[in-house]
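my_file.cif (mmCIF, C-alpha atoms) appears below.
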```
data_data
loop_
_atom_site.label_atom_id
_atom_site.label_comp_id
_atom_site.auth_asym_id
_atom_site.auth_seq_id
_atom_site.Cartn_x
_atom_site.Cartn_y
_atom_site.Cartn_z
CA MET A 1 107.97 184.55 103.50
CA LYS A 2 108.83 182.39 106.50
CA GLN A 3 105.13 182.37 107.54
CA LEU A 4 104.15 181.17 104.07
CA PHE A 5 106.55 178.22 104.32
CA GLN A 6 105.27 177.38 107.80
CA ARG A 7 101.67 177.43 106.54
CA LEU A 8 102.58 175.26 103.55
CA ALA A 9 104.38 172.79 105.81
CA LEU A 10 101.36 172.65 108.13
CA ALA A 11 98.98 172.14 105.19
CA ALA A 12 101.18 169.35 103.81
CA ALA A 13 101.30 167.67 107.22
CA LEU A 14 97.52 167.87 107.57
CA LEU A 15 96.96 166.48 104.09
CA GLY A 16 99.39 163.65 104.75
CA SER A 17 97.69 162.70 108.02
CA THR A 18 94.28 162.74 106.31
CA ALA A 19 95.49 160.37 103.61
CA LEU A 20 96.98 158.04 106.22
CA SER A 21 93.76 158.01 108.25
CA HIS A 22 91.84 156.69 105.21
CA ALA A 23 94.32 153.95 104.32
CA HIS A 24 94.03 150.70 106.24
CA GLU A 25 96.06 147.58 105.79
CA TYR A 26 96.33 144.15 107.38
CA LYS A 27 99.03 141.50 107.55
CA LEU A 28 98.44 137.75 107.89
CA GLY A 29 101.60 135.66 107.68
CA GLN A 30 103.20 136.51 104.34
CA LEU A 31 100.01 138.15 103.00
CA ASP A 32 99.44 141.91 102.93
CA ILE A 33 95.79 142.95 102.60
CA GLY A 34 95.26 146.54 101.53
CA HIS A 35 92.35 148.99 101.79
CA PRO A 36 89.23 146.80 102.04
CA TYR A 37 86.19 148.82 100.99
CA ALA A 38 82.60 148.18 99.93
CA ARG A 39 80.20 150.17 97.82
CA ALA A 40 77.25 151.93 99.44
CA THR A 41 73.85 150.44 98.62
CA VAL A 42 70.23 151.57 98.48
CA PRO A 43 67.29 150.08 100.43
CA GLY A 44 66.20 146.77 98.93
CA GLN A 45 69.52 146.14 97.19
CA PRO A 46 70.38 142.53 98.08
CA ALA A 47 74.11 142.57 97.34
CA ALA A 48 77.15 144.85 97.50
CA GLY A 49 80.50 144.80 95.77
CA ALA A 50 83.60 144.86 97.96
CA TYR A 51 87.24 145.29 97.02
CA LEU A 52 90.76 145.00 98.45
CA SER A 53 94.28 144.05 97.44
CA ILE A 54 96.17 140.91 98.43
CA GLU A 55 99.92 140.66 98.04
CA ASN A 56 101.75 137.39 98.69
CA LYS A 57 105.26 138.18 99.93
CA GLY A 58 105.99 134.54 100.69
CA SER A 59 107.50 131.71 98.68
CA ALA A 60 104.38 129.50 98.57
CA PRO A 61 100.99 130.15 96.99
CA ASP A 62 97.92 130.73 99.16
CA ARG A 63 94.26 130.95 98.32
CA LEU A 64 91.42 133.20 99.51
CA VAL A 65 88.71 130.58 100.10
CA GLY A 66 86.07 132.45 102.08
CA VAL A 67 84.59 135.78 103.08
CA SER A 68 81.97 136.35 105.75
CA SER A 69 80.35 139.40 107.34
CA PRO A 70 77.55 139.85 109.86
CA VAL A 71 75.78 142.20 107.40
CA ALA A 72 75.43 139.50 104.70
CA LYS A 73 74.13 135.95 104.47
CA SER A 74 77.21 135.03 102.47
CA GLY A 75 80.34 136.40 100.89
CA GLU A 76 81.49 135.18 97.48
CA ILE A 77 84.63 135.76 95.44
CA HIS A 78 83.66 136.67 91.88
CA THR A 79 85.32 137.47 88.62
CA MET A 80 83.77 139.85 86.12
CA SER A 81 84.59 140.45 82.50
CA MET A 82 83.05 142.22 79.57
CA GLU A 83 82.56 140.19 76.41
CA GLY A 84 81.37 142.67 73.84
CA ASN A 85 78.41 144.43 75.45
CA LEU A 86 77.72 141.53 77.79
CA MET A 87 78.90 141.53 81.40
CA LYS A 88 79.82 138.08 82.71
CA MET A 89 80.06 137.61 86.45
CA ARG A 90 80.97 134.23 87.93
CA GLU A 91 81.85 132.89 91.34
CA VAL A 92 85.48 131.77 91.50
CA GLU A 93 85.32 128.02 92.15
CA GLY A 94 87.75 126.78 94.79
CA GLY A 95 88.87 130.25 95.85
CA LEU A 96 91.28 132.83 94.50
CA GLU A 97 94.93 131.75 94.26
CA VAL A 98 97.59 134.30 95.13
CA LYS A 99 100.96 133.13 93.82
CA PRO A 100 104.28 133.99 95.48
CA GLY A 101 105.25 137.57 94.63
CA GLN A 102 101.81 138.27 93.13
CA LYS A 103 99.59 141.22 94.03
CA ILE A 104 95.92 141.00 93.15
CA ALA A 105 94.11 144.33 93.18
CA MET A 106 90.34 143.90 93.31
CA GLN A 107 88.78 146.99 91.83
CA PRO A 108 85.53 148.11 90.25
CA GLY A 109 84.88 147.44 86.59
CA ASN A 110 86.80 144.35 85.58
CA GLY A 111 88.50 141.47 87.33
CA TYR A 112 88.03 140.05 90.80
CA HIS A 113 85.74 141.36 93.51
CA ILE A 114 83.86 140.17 96.56
CA MET A 115 80.07 140.03 96.59
CA LEU A 116 78.35 140.44 99.94
CA MET A 117 75.12 138.55 99.21
CA GLY A 118 71.83 138.72 101.11
CA LEU A 119 72.44 142.03 102.86
CA SER A 120 70.56 142.42 106.14
CA ARG A 121 70.47 146.21 105.66
CA PRO A 122 71.72 148.91 103.29
CA LEU A 123 75.39 149.85 103.53
CA LYS A 124 75.80 153.58 104.09
CA ALA A 125 78.76 155.63 102.94
CA GLY A 126 81.08 156.40 105.82
CA GLU A 127 80.28 153.34 107.90
CA LYS A 128 82.65 150.48 108.66
CA VAL A 129 81.58 146.87 108.08
CA PRO A 130 83.37 143.99 109.80
CA ALA A 131 84.31 140.91 107.77
CA THR A 132 86.46 137.81 108.06
CA LEU A 133 88.72 136.62 105.24
CA THR A 134 89.70 132.94 105.22
CA PHE A 135 92.86 131.79 103.47
CA GLU A 136 93.69 128.15 102.77
CA LYS A 137 97.14 128.27 104.42
CA ALA A 138 97.43 131.54 106.35
CA GLY A 139 94.08 131.10 108.13
CA LYS A 140 91.56 133.76 109.10
CA ILE A 141 91.85 137.50 109.58
CA ASP A 142 89.25 140.06 110.64
CA VAL A 143 89.16 143.16 108.45
CA THR A 144 86.98 146.23 108.17
CA PHE A 145 85.41 147.30 104.88
CA ASN A 146 85.07 151.09 104.70
CA VAL A 147 81.81 151.86 102.88
CA GLU A 148 82.49 154.35 100.09
CA ASP A 149 80.99 156.08 97.06
CA PRO A 150 77.75 157.84 97.97
CA ALA A 151 77.26 158.78 94.29
CA ALA A 152 76.86 155.09 93.34
CA ALA A 153 74.32 154.58 96.14
CA ALA A 154 72.36 157.68 95.15
CA ALA A 155 72.12 156.42 91.59
CA GLY A 156 71.15 152.95 92.85
CA LYS A 157 74.05 151.47 90.96
CA ASP A 158 77.22 149.64 91.68
CA ASP A 159 80.06 149.63 89.19
CA MET A 160 78.69 146.34 87.88
CA GLY A 161 75.37 147.82 86.85
CA ASP A 162 72.02 148.20 88.55
CA MET A 163 72.17 145.94 91.59
CA LYS A 164 68.58 146.51 92.78
CA ASP A 165 67.42 143.71 90.49
CA MET A 166 69.81 141.06 91.78
CA LYS A 167 67.21 139.28 93.96
CA GLY A 168 67.28 136.46 91.43
CA HIS A 169 71.06 136.43 91.14
CA MET A 170 72.06 132.93 90.13
CA HIS A 171 75.42 131.23 90.06
CA HIS A 172 76.68 130.67 86.53
#
```
As a first step, turn the structure in this file into structure tokens.
Amino acid sequence: MKQLFQRLALAAALLGSTALSHAHEYKLGQLDIGHPYARATVPGQPAAGAYLSIENKGSAPDRLVGVSSPVAKSGEIHTMSMEGNLMKMREVEGGLEVKPGQKIAMQPGNGYHIMLMGLSRPLKAGEKVPATLTFEKAGKIDVTFNVEDPAAAAAGKDDMGDMKDMKGHMHH
């Protein structure tokens, strides 16, 4: 019985350390940035969706005003919504405000996300992509996007639909 408990304790410790090794967070002033990740892409796909969370623990608002990465010509902050059967994706003009006490969770499907536009190469699951986030007040911070979701790349799709045809992506 004692051996069983020891094995369970070891398994729990290993599982805990695995979960911690996948989580990555950053702090810039009063901003906490959690788990930046990007979706894997297929050859010829010109853009990739990227996600993270931003929590403002300060007493003044701040604004995410820029994103850059050496793997993309540009980084844009977008909002996406579904209106009926129509997906609407727009660049957020003037940046994304994060109010005091607010946590914004960028996630696939609906809401805010980052678009890495003009990719220089496909993003492969398991790789790490450097990027710089620029905030209006807090300044700049270098982060790493973990590239995830090989199933989306194999299907040639991102959570926002088929991204292979975005060569003509226009700002709305």
Report task. To one decimal in Å, tell me the separation between atom CA of Leu64 of chain A and atom CA of Val42 of chain A. Result -> 28.1 Å
Query raised in the report: Care to translate the PyMOL selection byres ((chain A and resi 118-126) around 9) into actual residues of this file, as a list of chain:residue names?
Result: A:Ala38, A:Arg39, A:Ala40, A:Thr41, A:Val42, A:Pro43, A:Gly44, A:Gln45, A:Pro46, A:Ala47, A:Ala48, A:Pro70, A:Val71, A:Ala72, A:Lys73, A:Ser74, A:Gly75, A:Leu116, A:Met117, A:Glu127, A:Lys128, A:Val129, A:Asn146, A:Val147, A:Glu148, A:Asp149, A:Pro150, A:Ala153, A:Lys167
For the selection you just gave me, I'd like the residues written to a file as an mmCIF file, in the frame of the given file, keeping C-alpha atoms.
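Output file selection_38.cif follows:
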```cif
data_model
loop_
_atom_site.group_PDB
_atom_site.id
_atom_site.type_symbol
_atom_site.label_atom_id
_atom_site.label_comp_id
_atom_site.auth_asym_id
_atom_site.auth_seq_id
_atom_site.Cartn_x
_atom_site.Cartn_y
_atom_site.Cartn_z
ATOM 1 C CA ALA A 38 82.600 148.180 99.930
ATOM 2 C CA ARG A 39 80.200 150.170 97.820
ATOM 3 C CA ALA A 40 77.250 151.930 99.440
ATOM 4 C CA THR A 41 73.850 150.440 98.620
ATOM 5 C CA VAL A 42 70.230 151.570 98.480
ATOM 6 C CA PRO A 43 67.290 150.080 100.430
ATOM 7 C CA GLY A 44 66.200 146.770 98.930
ATOM 8 C CA GLN A 45 69.520 146.140 97.190
ATOM 9 C CA PRO A 46 70.380 142.530 98.080
ATOM 10 C CA ALA A 47 74.110 142.570 97.340
ATOM 11 C CA ALA A 48 77.150 144.850 97.500
ATOM 12 C CA PRO A 70 77.550 139.850 109.860
ATOM 13 C CA VAL A 71 75.780 142.200 107.400
ATOM 14 C CA ALA A 72 75.430 139.500 104.700
ATOM 15 C CA LYS A 73 74.130 135.950 104.470
ATOM 16 C CA SER A 74 77.210 135.030 102.470
ATOM 17 C CA GLY A 75 80.340 136.400 100.890
ATOM 18 C CA LEU A 116 78.350 140.440 99.940
ATOM 19 C CA MET A 117 75.120 138.550 99.210
ATOM 20 C CA GLU A 127 80.280 153.340 107.900
ATOM 21 C CA LYS A 128 82.650 150.480 108.660
ATOM 22 C CA VAL A 129 81.580 146.870 108.080
ATOM 23 C CA ASN A 146 85.070 151.090 104.700
ATOM 24 C CA VAL A 147 81.810 151.860 102.880
ATOM 25 C CA GLU A 148 82.490 154.350 100.090
ATOM 26 C CA ASP A 149 80.990 156.080 97.060
ATOM 27 C CA PRO A 150 77.750 157.840 97.970
ATOM 28 C CA ALA A 153 74.320 154.580 96.140
ATOM 29 C CA LYS A 167 67.210 139.280 93.960
#
```
**Report entry** Picked residues, the PyMOL selection byres ((chain A and resi 59) around 9), expected as a list in words
**Finding:** Gln30, Asn56, Lys57, Gly58, Ala60, Pro61, Lys99, Pro100 and Gly101 of chain A
Query - Residue nearest Met106 of chain A - candidates A:Thr79, A:His24, A:Asp62, A:Lys137, atoms counted: all atoms listed in the file - result: A:Thr79
Requested in this report: For atom CA of Pro36 of chain A and atom CA of Met80 of chain A, quote the distance in Å rounded to one decimal.
Outcome: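 One can read the atom CA of Pro36 of chain A to atom CA of Met80 of chain A distance as 18.2 Å.
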